[in-house]
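Asker: The file below is my_file_13.pdb, PDB, C-alpha atoms:
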```
MODEL        1
ATOM      1  CA  MET A   1     -26.041 -37.914 -76.414
ATOM      2  CA  HIS A   2     -23.128 -40.067 -75.284
ATOM      3  CA  PHE A   3     -19.736 -39.000 -73.914
ATOM      4  CA  ASP A   4     -16.664 -41.220 -73.707
ATOM      5  CA  ILE A   5     -14.157 -39.640 -71.330
ATOM      6  CA  PHE A   6     -10.582 -40.919 -71.159
ATOM      7  CA  THR A   7      -8.743 -39.990 -68.006
ATOM      8  CA  LEU A   8      -6.207 -41.126 -65.430
ATOM      9  CA  PHE A   9      -8.571 -40.123 -62.622
ATOM     10  CA  PRO A  10     -12.132 -41.323 -63.325
ATOM     11  CA  ASP A  11     -13.215 -40.898 -59.705
ATOM     12  CA  MET A  12     -12.974 -37.125 -60.108
ATOM     13  CA  PHE A  13     -16.152 -37.208 -62.215
ATOM     14  CA  GLN A  14     -18.408 -39.096 -59.826
ATOM     15  CA  GLY A  15     -19.749 -36.114 -57.894
ATOM     16  CA  PRO A  16     -20.463 -33.668 -60.744
ATOM     17  CA  PHE A  17     -22.086 -36.317 -62.932
ATOM     18  CA  SER A  18     -24.275 -37.814 -60.216
ATOM     19  CA  GLU A  19     -26.094 -34.665 -59.117
ATOM     20  CA  SER A  20     -28.729 -32.239 -60.360
ATOM     21  CA  ILE A  21     -29.526 -31.823 -64.068
ATOM     22  CA  LEU A  22     -26.886 -34.202 -65.417
ATOM     23  CA  LYS A  23     -28.082 -36.945 -63.071
ATOM     24  CA  ARG A  24     -31.712 -36.528 -64.159
ATOM     25  CA  ALA A  25     -30.720 -36.440 -67.832
ATOM     26  CA  GLN A  26     -28.949 -39.784 -67.447
ATOM     27  CA  GLU A  27     -31.880 -41.296 -65.573
ATOM     28  CA  ARG A  28     -34.224 -40.229 -68.377
ATOM     29  CA  GLY A  29     -31.976 -41.702 -71.061
ATOM     30  CA  LEU A  30     -31.155 -38.348 -72.648
ATOM     31  CA  LEU A  31     -27.480 -38.508 -71.698
ATOM     32  CA  SER A  32     -24.954 -41.266 -71.095
ATOM     33  CA  ILE A  33     -21.385 -40.891 -69.866
ATOM     34  CA  ALA A  34     -18.716 -43.609 -69.926
ATOM     35  CA  LEU A  35     -15.496 -43.091 -67.976
ATOM     36  CA  HIS A  36     -12.411 -44.934 -69.226
ATOM     37  CA  ASN A  37      -9.234 -45.233 -67.179
ATOM     38  CA  ILE A  38      -6.312 -44.897 -69.572
ATOM     39  CA  ARG A  39      -4.184 -47.008 -67.229
ATOM     40  CA  ASP A  40      -6.377 -50.022 -68.027
ATOM     41  CA  ALA A  41      -5.002 -50.013 -71.575
ATOM     42  CA  THR A  42      -1.367 -50.367 -70.518
ATOM     43  CA  ALA A  43       0.497 -53.625 -71.155
ATOM     44  CA  ASP A  44       3.020 -53.557 -68.294
ATOM     45  CA  LYS A  45       2.418 -54.693 -64.726
ATOM     46  CA  HIS A  46       3.007 -51.214 -63.291
ATOM     47  CA  HIS A  47       0.473 -49.546 -65.653
ATOM     48  CA  VAL A  48       2.924 -46.850 -66.732
ATOM     49  CA  VAL A  49       1.266 -44.051 -68.722
ATOM     50  CA  ASP A  50       4.055 -41.446 -68.812
ATOM     51  CA  ASP A  51       7.743 -41.133 -69.611
ATOM     52  CA  TYR A  52      10.535 -38.562 -69.727
ATOM     53  CA  PRO A  53      10.350 -36.009 -72.573
ATOM     54  CA  CYS A  54      12.586 -36.723 -75.552
ATOM     55  CA  GLY A  55      15.346 -34.128 -75.648
ATOM     56  CA  GLY A  56      15.186 -33.579 -71.904
ATOM     57  CA  GLY A  57      13.298 -31.043 -69.855
ATOM     58  CA  ALA A  58      11.083 -30.840 -66.796
ATOM     59  CA  GLY A  59       8.084 -33.012 -66.088
ATOM     60  CA  MET A  60       6.708 -36.146 -67.677
ATOM     61  CA  VAL A  61       4.814 -36.719 -70.922
ATOM     62  CA  MET A  62       1.809 -38.986 -71.395
ATOM     63  CA  LYS A  63       2.691 -41.945 -73.637
ATOM     64  CA  PRO A  64       0.814 -42.482 -76.913
ATOM     65  CA  GLU A  65       0.305 -46.266 -76.707
ATOM     66  CA  PRO A  66      -2.246 -46.445 -73.870
ATOM     67  CA  ILE A  67      -4.181 -43.453 -75.183
ATOM     68  CA  PHE A  68      -4.511 -44.873 -78.693
ATOM     69  CA  ALA A  69      -5.370 -48.333 -77.352
ATOM     70  CA  SER A  70      -7.953 -47.007 -74.913
ATOM     71  CA  VAL A  71      -9.747 -44.789 -77.431
ATOM     72  CA  GLU A  72      -9.624 -47.225 -80.334
ATOM     73  CA  ALA A  73     -11.152 -49.973 -78.192
ATOM     74  CA  VAL A  74     -14.464 -48.118 -77.820
ATOM     75  CA  TYR A  75     -14.586 -45.344 -80.434
ATOM     76  CA  GLN A  76     -17.540 -45.409 -82.820
ATOM     77  CA  SER A  77     -18.141 -41.916 -84.186
ATOM     78  CA  GLY A  78     -17.999 -38.201 -83.495
ATOM     79  CA  PRO A  79     -15.213 -35.765 -82.631
ATOM     80  CA  ILE A  80     -12.214 -36.824 -80.552
ATOM     81  CA  ILE A  81     -11.377 -33.810 -78.418
ATOM     82  CA  LEU A  82      -8.236 -33.182 -76.375
ATOM     83  CA  LEU A  83      -8.650 -30.788 -73.440
ATOM     84  CA  THR A  84      -5.549 -28.609 -73.504
ATOM     85  CA  PRO A  85      -4.544 -24.952 -72.866
ATOM     86  CA  GLN A  86      -3.345 -24.904 -76.487
ATOM     87  CA  GLY A  87      -6.792 -25.626 -77.935
ATOM     88  CA  ARG A  88      -9.344 -23.241 -79.393
ATOM     89  CA  LEU A  89     -11.430 -21.422 -76.796
ATOM     90  CA  PHE A  90     -14.539 -23.257 -75.646
ATOM     91  CA  THR A  91     -17.508 -20.904 -75.967
ATOM     92  CA  GLN A  92     -21.292 -21.120 -75.956
ATOM     93  CA  GLN A  93     -21.192 -21.349 -79.746
ATOM     94  CA  VAL A  94     -18.817 -24.312 -79.580
ATOM     95  CA  ALA A  95     -21.132 -25.952 -77.044
ATOM     96  CA  ARG A  96     -24.000 -25.563 -79.519
ATOM     97  CA  GLU A  97     -21.890 -27.113 -82.263
ATOM     98  CA  LEU A  98     -21.041 -30.094 -80.082
ATOM     99  CA  SER A  99     -24.654 -30.567 -78.989
ATOM    100  CA  GLN A 100     -25.472 -31.644 -82.555
ATOM    101  CA  PHE A 101     -23.347 -34.801 -82.239
ATOM    102  CA  GLU A 102     -24.692 -38.065 -80.891
ATOM    103  CA  ARG A 103     -21.281 -39.133 -79.525
ATOM    104  CA  ILE A 104     -18.309 -37.133 -78.283
ATOM    105  CA  THR A 105     -14.910 -38.401 -77.113
ATOM    106  CA  LEU A 106     -12.946 -36.349 -74.578
ATOM    107  CA  ILE A 107      -9.293 -36.985 -73.695
ATOM    108  CA  CYS A 108      -7.971 -35.452 -70.483
ATOM    109  CA  GLY A 109      -4.316 -34.538 -70.629
ATOM    110  CA  HIS A 110      -2.095 -34.605 -67.564
ATOM    111  CA  TYR A 111       1.490 -34.134 -66.389
ATOM    112  CA  GLU A 112       3.711 -31.865 -68.508
ATOM    113  CA  GLY A 113       1.877 -32.693 -71.704
ATOM    114  CA  ILE A 114       0.797 -35.370 -74.126
ATOM    115  CA  ASP A 115       2.779 -37.054 -76.884
ATOM    116  CA  GLU A 116       2.407 -34.974 -80.049
ATOM    117  CA  ARG A 117       1.466 -38.034 -82.108
ATOM    118  CA  VAL A 118      -1.823 -38.163 -80.215
ATOM    119  CA  ARG A 119      -2.577 -34.659 -81.496
ATOM    120  CA  HIS A 120      -1.604 -35.451 -85.071
ATOM    121  CA  TYR A 121      -3.032 -38.912 -85.601
ATOM    122  CA  LEU A 122      -5.879 -39.429 -83.131
ATOM    123  CA  VAL A 123      -7.398 -36.153 -81.988
ATOM    124  CA  THR A 124      -9.769 -34.260 -84.304
ATOM    125  CA  ASP A 125     -10.183 -31.129 -82.170
ATOM    126  CA  GLU A 126      -8.555 -29.403 -79.196
ATOM    127  CA  LEU A 127     -10.400 -27.220 -76.689
ATOM    128  CA  SER A 128      -9.302 -24.848 -73.931
ATOM    129  CA  ILE A 129     -11.585 -23.345 -71.293
ATOM    130  CA  GLY A 130      -9.418 -20.263 -70.844
ATOM    131  CA  ASP A 131      -5.980 -18.728 -70.720
ATOM    132  CA  PHE A 132      -4.801 -20.530 -67.615
ATOM    133  CA  VAL A 133      -3.334 -23.930 -66.776
ATOM    134  CA  LEU A 134      -5.012 -26.660 -64.717
ATOM    135  CA  THR A 135      -3.379 -29.729 -63.195
ATOM    136  CA  GLY A 136      -5.196 -31.842 -65.784
ATOM    137  CA  GLY A 137      -7.999 -31.857 -68.318
ATOM    138  CA  GLU A 138     -10.599 -33.400 -66.013
ATOM    139  CA  LEU A 139     -12.184 -30.166 -64.780
ATOM    140  CA  ALA A 140     -12.247 -28.816 -68.323
ATOM    141  CA  ALA A 141     -13.953 -31.991 -69.527
ATOM    142  CA  MET A 142     -16.631 -31.593 -66.850
ATOM    143  CA  MET A 143     -17.364 -28.080 -68.084
ATOM    144  CA  VAL A 144     -17.618 -29.208 -71.701
ATOM    145  CA  VAL A 145     -20.021 -32.006 -70.766
ATOM    146  CA  ASP A 146     -22.160 -29.709 -68.611
ATOM    147  CA  ALA A 147     -22.376 -26.813 -71.080
ATOM    148  CA  THR A 148     -23.041 -29.107 -74.041
ATOM    149  CA  SER A 149     -25.502 -31.489 -72.396
ATOM    150  CA  ARG A 150     -27.865 -28.768 -71.220
ATOM    151  CA  LEU A 151     -28.409 -27.789 -74.859
ATOM    152  CA  VAL A 152     -29.691 -31.270 -75.774
ATOM    153  CA  PRO A 153     -33.481 -31.126 -76.228
ATOM    154  CA  GLY A 154     -35.277 -32.327 -73.116
ATOM    155  CA  VAL A 155     -32.371 -31.994 -70.687
ATOM    156  CA  LEU A 156     -33.705 -28.671 -69.389
ATOM    157  CA  ASN A 157     -37.394 -28.321 -68.635
ATOM    158  CA  GLY A 158     -37.658 -24.876 -70.215
ATOM    159  CA  GLU A 159     -35.998 -24.985 -73.635
ATOM    160  CA  GLU A 160     -36.587 -21.253 -74.143
ATOM    161  CA  SER A 161     -34.323 -20.474 -71.194
ATOM    162  CA  THR A 162     -31.230 -21.456 -73.177
ATOM    163  CA  LEU A 163     -32.064 -18.792 -75.757
ATOM    164  CA  GLU A 164     -32.088 -15.933 -73.237
ATOM    165  CA  GLU A 165     -29.172 -16.781 -70.972
ATOM    166  CA  SER A 166     -25.768 -15.107 -71.055
ATOM    167  CA  HIS A 167     -23.678 -15.579 -74.218
ATOM    168  CA  SER A 168     -26.428 -17.337 -76.179
ATOM    169  CA  GLY A 169     -27.153 -14.281 -78.310
ATOM    170  CA  GLY A 170     -23.872 -12.452 -77.829
ATOM    171  CA  LEU A 171     -25.192 -10.541 -74.809
ATOM    172  CA  LEU A 172     -24.932 -11.039 -71.081
ATOM    173  CA  GLU A 173     -28.243 -11.923 -69.493
ATOM    174  CA  TYR A 174     -30.488  -9.290 -67.902
ATOM    175  CA  PRO A 175     -30.880  -9.073 -64.076
ATOM    176  CA  HIS A 176     -33.246 -11.499 -62.362
ATOM    177  CA  TYR A 177     -35.571 -10.863 -59.418
ATOM    178  CA  THR A 178     -38.052 -12.936 -57.433
ATOM    179  CA  ARG A 179     -40.326 -12.445 -54.430
ATOM    180  CA  PRO A 180     -40.533 -10.630 -52.103
ATOM    181  CA  PRO A 181     -40.975  -7.486 -54.192
ATOM    182  CA  ASP A 182     -39.466  -5.422 -51.366
ATOM    183  CA  PHE A 183     -36.447  -6.776 -49.448
ATOM    184  CA  ARG A 184     -34.823  -4.463 -46.890
ATOM    185  CA  GLY A 185     -36.072  -1.499 -48.861
ATOM    186  CA  TRP A 186     -34.594  -2.752 -52.134
ATOM    187  CA  ARG A 187     -37.484  -3.047 -54.556
ATOM    188  CA  VAL A 188     -37.948  -5.110 -57.662
ATOM    189  CA  PRO A 189     -38.181  -2.754 -60.683
ATOM    190  CA  ASP A 190     -41.812  -1.750 -61.146
ATOM    191  CA  VAL A 191     -41.889  -2.799 -64.796
ATOM    192  CA  LEU A 192     -41.330  -6.442 -63.812
ATOM    193  CA  LEU A 193     -44.444  -6.312 -61.634
ATOM    194  CA  SER A 194     -46.587  -4.492 -64.191
ATOM    195  CA  GLY A 195     -47.773  -7.521 -66.191
ATOM    196  CA  ASN A 196     -46.978  -5.624 -69.408
ATOM    197  CA  HIS A 197     -45.024  -8.267 -71.317
ATOM    198  CA  ALA A 198     -43.941  -5.930 -74.104
ATOM    199  CA  GLU A 199     -42.446  -3.451 -71.642
ATOM    200  CA  ILE A 200     -40.817  -6.265 -69.676
ATOM    201  CA  ALA A 201     -39.182  -7.606 -72.844
ATOM    202  CA  LYS A 202     -37.961  -4.109 -73.697
ATOM    203  CA  TRP A 203     -36.538  -3.622 -70.178
ATOM    204  CA  ARG A 204     -34.746  -6.953 -70.287
ATOM    205  CA  ARG A 205     -33.198  -6.234 -73.672
ATOM    206  CA  LYS A 206     -32.071  -2.826 -72.515
ATOM    207  CA  GLU A 207     -30.507  -4.209 -69.340
ATOM    208  CA  SER A 208     -28.709  -6.916 -71.336
ATOM    209  CA  LEU A 209     -27.234  -4.221 -73.553
ATOM    210  CA  ARG A 210     -26.287  -2.120 -70.527
ATOM    211  CA  ARG A 211     -24.687  -5.026 -68.678
ATOM    212  CA  THR A 212     -22.741  -6.253 -71.697
ATOM    213  CA  ARG A 213     -21.415  -2.795 -72.489
ATOM    214  CA  GLU A 214     -20.325  -2.211 -68.890
ATOM    215  CA  ARG A 215     -18.933  -5.644 -68.031
ATOM    216  CA  ARG A 216     -17.809  -7.127 -71.341
ATOM    217  CA  PRO A 217     -16.912  -4.348 -73.791
ATOM    218  CA  ASP A 218     -15.125  -6.989 -75.890
ATOM    219  CA  LEU A 219     -18.444  -8.768 -76.491
ATOM    220  CA  PHE A 220     -20.302  -5.506 -76.960
ATOM    221  CA  ALA A 221     -17.895  -4.443 -79.703
ATOM    222  CA  LYS A 222     -18.861  -7.542 -81.717
ATOM    223  CA  LEU A 223     -22.611  -6.969 -81.514
ATOM    224  CA  ASP A 224     -24.772  -6.210 -84.505
ATOM    225  CA  VAL A 225     -26.981  -3.410 -83.187
ATOM    226  CA  SER A 226     -28.541  -2.416 -86.487
ATOM    227  CA  SER A 227     -32.131  -3.083 -85.380
ATOM    228  CA  LYS A 228     -34.242  -0.014 -84.713
ATOM    229  CA  GLN A 229     -35.161  -1.252 -81.258
ATOM    230  CA  ASP A 230     -31.546  -1.772 -80.180
ATOM    231  CA  MET A 231     -30.485   1.575 -81.591
ATOM    232  CA  LYS A 232     -33.287   3.251 -79.650
ATOM    233  CA  LEU A 233     -32.360   1.433 -76.454
ATOM    234  CA  LEU A 234     -28.698   2.359 -76.838
ATOM    235  CA  LYS A 235     -29.677   5.979 -77.326
ATOM    236  CA  GLU A 236     -31.664   5.823 -74.106
ATOM    237  CA  LEU A 237     -28.641   4.369 -72.315
ATOM    238  CA  GLU A 238     -26.458   7.200 -73.613
ATOM    239  CA  GLU A 239     -28.969   9.796 -72.408
ATOM    240  CA  GLU A 240     -29.084   8.124 -68.984
ATOM    241  CA  ASN A 241     -25.290   8.220 -68.736
ATOM    242  CA  GLN A 242     -25.200  11.866 -69.728
ATOM    243  CA  GLY A 243     -27.916  12.611 -67.201
TER     244      GLY A 243
ENDMDL
END
```
Once you've parsed the file, please lay out its structure as structure tokens.

Answerer:
Amino acid sequence: MHFDIFTLFPDMFQGPFSESILKRAQERGLLSIALHNIRDATADKHHVVDDYPCGGGAGMVMKPEPIFASVEAVYQSGPIILLTPQGRLFTQQVARELSQFERITLICGHYEGIDERVRHYLVTDELSIGDFVLTGGELAAMMVVDATSRLVPGVLNGEESTLEESHSGGLLEYPHYTRPPDFRGWRVPDVLLSGNHAEIAKWRRKESLRRTRERRPDLFAKLDVSSKQDMKLLKELEEENQG
């Protein structure tokens, strides 16, 4: 998978993309990331990339010319995504959709906004990472790259782990424990030490249901709990609450 990232601040990406899983994925040829400074596509000696908003108002607006020139110089295929608070919410499902593409283009907005003609005539999608405003799209772009890249086959050592983690199946993930089995009197649940894989799977599913219902009732309300096992587990949770 290849990412082309267009930004005014390429140095912001050096740390996150040169450590841990993303670093190893690039070294193994599973992932490539190209950073493009939008200022390099300007035609004036001062490399101006913004101007006052037409009609007046606060702040500055990113100009269309350098963005179009920068993207068109390298674009080959795939979605062209603008990171903006006005975009559709980036979720685990969206990350899975993006992981199917071989190439993805990300444009990081900045200042007060971006010229609307970029939205209409260049961008094919707009993504937001939440209902808040950042100083620019760079941090959002990092999150999109990280969440999407780890779904590419081979990037993670254990592919099955992506199927069980939070949000992958609409549920929050179950609690995790490791050794020692007893720490300061706080014990690991006995079922996890039993070696009974069927009971462990049941416990984990039940705890995922419990955690999602308690912490994210909005996600829980969307769940399809028509399976006999889930209905039984939910009944057990209700009995525990009543008890």

Asker: Please provide as a PyMOL selection string all residues within 10 Å of A:Arg215, with the sequence filter that same-chain residues fewer than 5 positions apart are discarded (counting all atoms listed in the file).

Answerer: chain A and resi 172+210+220

Asker: Find the residues near A:Arg205: any atom within 12 Å, counting all atoms listed in the file, skip ones fewer than 2 places away on the same chain, and give them as a ChimeraX atom specification.

Answerer: /A:164-166,169-175,198-203,207-212,225,229-234,237

Asker: Deliver the residues from the most recent selection as a file, using C-alpha atoms, as a compact mmCIF listing (two decimals), in the coordinates of the input.

Answerer:
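New file selection.txt:
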```txt
# COMPACT_ATOMS: atom_id res chain seq x y z
CA GLU A 164 -32.09 -15.93 -73.24
CA GLU A 165 -29.17 -16.78 -70.97
CA SER A 166 -25.77 -15.11 -71.06
CA GLY A 169 -27.15 -14.28 -78.31
CA GLY A 170 -23.87 -12.45 -77.83
CA LEU A 171 -25.19 -10.54 -74.81
CA LEU A 172 -24.93 -11.04 -71.08
CA GLU A 173 -28.24 -11.92 -69.49
CA TYR A 174 -30.49 -9.29 -67.90
CA PRO A 175 -30.88 -9.07 -64.08
CA ALA A 198 -43.94 -5.93 -74.10
CA GLU A 199 -42.45 -3.45 -71.64
CA ILE A 200 -40.82 -6.26 -69.68
CA ALA A 201 -39.18 -7.61 -72.84
CA LYS A 202 -37.96 -4.11 -73.70
CA TRP A 203 -36.54 -3.62 -70.18
CA GLU A 207 -30.51 -4.21 -69.34
CA SER A 208 -28.71 -6.92 -71.34
CA LEU A 209 -27.23 -4.22 -73.55
CA ARG A 210 -26.29 -2.12 -70.53
CA ARG A 211 -24.69 -5.03 -68.68
CA THR A 212 -22.74 -6.25 -71.70
CA VAL A 225 -26.98 -3.41 -83.19
CA GLN A 229 -35.16 -1.25 -81.26
CA ASP A 230 -31.55 -1.77 -80.18
CA MET A 231 -30.48 1.58 -81.59
CA LYS A 232 -33.29 3.25 -79.65
CA LEU A 233 -32.36 1.43 -76.45
CA LEU A 234 -28.70 2.36 -76.84
CA LEU A 237 -28.64 4.37 -72.32
```

Asker: Set the distance at 9 Å and use all atoms listed in the file: which residues neighbour A:Ile21 once local chain neighbours fewer than 4 positions away are removed? I'd like the list as JSON, numbers by chain.

Answerer: {"A": [17, 25, 26, 146, 150, 155, 156]}

Asker: Applying 12 Å and only C-alpha atoms, which residues near A:Ile80 remain after dropping the ones on its own chain fewer than 6 positions away? List them as a ChimeraX atom specification.

Answerer: /A:3-6,67-68,71-72,74,98,101,103-108,118-127

Asker: Could you check which of A:Pro189, A:Phe183, A:Ala147, A:Gln242 is closest to A:Arg96, using all atoms listed in the file?

Answerer: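 Checking each of A:Pro189, A:Phe183, A:Ala147, A:Gln242 against A:Arg96, counting all atoms listed in the file, the winner is A:Ala147.
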
Asker: Using all atoms listed in the file, determine which residues lie at most 9 Å from A:Glu65, disregarding the query and same-chain residues fewer than 3 positions distant; provide the list as a ChimeraX atom specification.

Answerer: /A:41-42,49,68-70

Asker: Report as a ChimeraX atom specification the full result of the PyMOL selection byres ((chain A and resi 129-138) around 9) when it is applied to this structure.

Answerer: /A:5,7-10,12-13,82-91,107-111,127-128,139-144

Asker: Find the distance between atom CA of A:Ser32 and atom CA of A:Ser149 and write it in Å to one decimal.

Answerer: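 Between these atoms lies a distance of 9.9 Å.
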
Asker: Please extract stretch 174-193 of chain A and write it out with N, CA and C atoms, as an mmCIF file, in the first residue's frame.

Answerer:
```cif
data_model
loop_
_atom_site.group_PDB
_atom_site.id
_atom_site.type_symbol
_atom_site.label_atom_id
_atom_site.label_comp_id
_atom_site.auth_asym_id
_atom_site.auth_seq_id
_atom_site.Cartn_x
_atom_site.Cartn_y
_atom_site.Cartn_z
ATOM 1 N N TYR A 174 -12.684 -7.281 24.881
ATOM 2 C CA TYR A 174 -12.712 -7.835 26.240
ATOM 3 C C TYR A 174 -11.446 -7.430 27.008
ATOM 4 N N PRO A 175 -11.455 -7.552 28.351
ATOM 5 C CA PRO A 175 -10.268 -7.218 29.153
ATOM 6 C C PRO A 175 -9.109 -8.185 28.875
ATOM 7 N N HIS A 176 -7.902 -7.664 28.993
ATOM 8 C CA HIS A 176 -6.702 -8.479 28.814
ATOM 9 C C HIS A 176 -5.947 -8.603 30.126
ATOM 10 N N TYR A 177 -5.308 -9.765 30.323
ATOM 11 C CA TYR A 177 -4.463 -10.006 31.485
ATOM 12 C C TYR A 177 -3.199 -10.735 31.038
ATOM 13 N N THR A 178 -2.143 -10.606 31.832
ATOM 14 C CA THR A 178 -0.926 -11.375 31.593
ATOM 15 C C THR A 178 -0.330 -11.754 32.949
ATOM 16 N N ARG A 179 0.793 -12.420 32.954
ATOM 17 C CA ARG A 179 1.433 -12.808 34.204
ATOM 18 C C ARG A 179 2.023 -11.588 34.922
ATOM 19 N N PRO A 180 2.059 -11.619 36.255
ATOM 20 C CA PRO A 180 1.751 -12.753 37.145
ATOM 21 C C PRO A 180 0.255 -12.931 37.350
ATOM 22 N N PRO A 181 -0.173 -14.145 37.658
ATOM 23 C CA PRO A 181 -1.607 -14.383 37.858
ATOM 24 C C PRO A 181 -2.163 -13.683 39.089
ATOM 25 N N ASP A 182 -1.287 -13.346 40.034
ATOM 26 C CA ASP A 182 -1.714 -12.632 41.241
ATOM 27 C C ASP A 182 -0.785 -11.432 41.427
ATOM 28 N N PHE A 183 -1.336 -10.228 41.335
ATOM 29 C CA PHE A 183 -0.562 -8.996 41.517
ATOM 30 C C PHE A 183 -1.232 -8.160 42.591
ATOM 31 N N ARG A 184 -0.549 -8.034 43.739
ATOM 32 C CA ARG A 184 -1.052 -7.261 44.876
ATOM 33 C C ARG A 184 -2.426 -7.743 45.340
ATOM 34 N N GLY A 185 -2.661 -9.018 45.176
ATOM 35 C CA GLY A 185 -3.940 -9.581 45.591
ATOM 36 C C GLY A 185 -5.026 -9.508 44.544
ATOM 37 N N TRP A 186 -4.721 -8.898 43.403
ATOM 38 C CA TRP A 186 -5.681 -8.811 42.298
ATOM 39 C C TRP A 186 -5.396 -9.955 41.330
ATOM 40 N N ARG A 187 -6.308 -10.898 41.268
ATOM 41 C CA ARG A 187 -6.066 -12.120 40.505
ATOM 42 C C ARG A 187 -6.634 -12.051 39.091
ATOM 43 N N VAL A 188 -5.962 -12.747 38.210
ATOM 44 C CA VAL A 188 -6.491 -12.963 36.868
ATOM 45 C C VAL A 188 -7.711 -13.880 37.006
ATOM 46 N N PRO A 189 -8.809 -13.598 36.281
ATOM 47 C CA PRO A 189 -9.977 -14.484 36.355
ATOM 48 C C PRO A 189 -9.594 -15.942 36.123
ATOM 49 N N ASP A 190 -10.119 -16.819 36.950
ATOM 50 C CA ASP A 190 -9.746 -18.233 36.908
ATOM 51 C C ASP A 190 -9.979 -18.865 35.543
ATOM 52 N N VAL A 191 -11.023 -18.442 34.850
ATOM 53 C CA VAL A 191 -11.348 -19.068 33.567
ATOM 54 C C VAL A 191 -10.213 -18.894 32.560
ATOM 55 N N LEU A 192 -9.473 -17.779 32.659
ATOM 56 C CA LEU A 192 -8.396 -17.522 31.709
ATOM 57 C C LEU A 192 -7.175 -18.395 31.983
ATOM 58 N N LEU A 193 -7.139 -19.005 33.152
ATOM 59 C CA LEU A 193 -6.039 -19.892 33.520
ATOM 60 C C LEU A 193 -6.438 -21.363 33.433
#
```
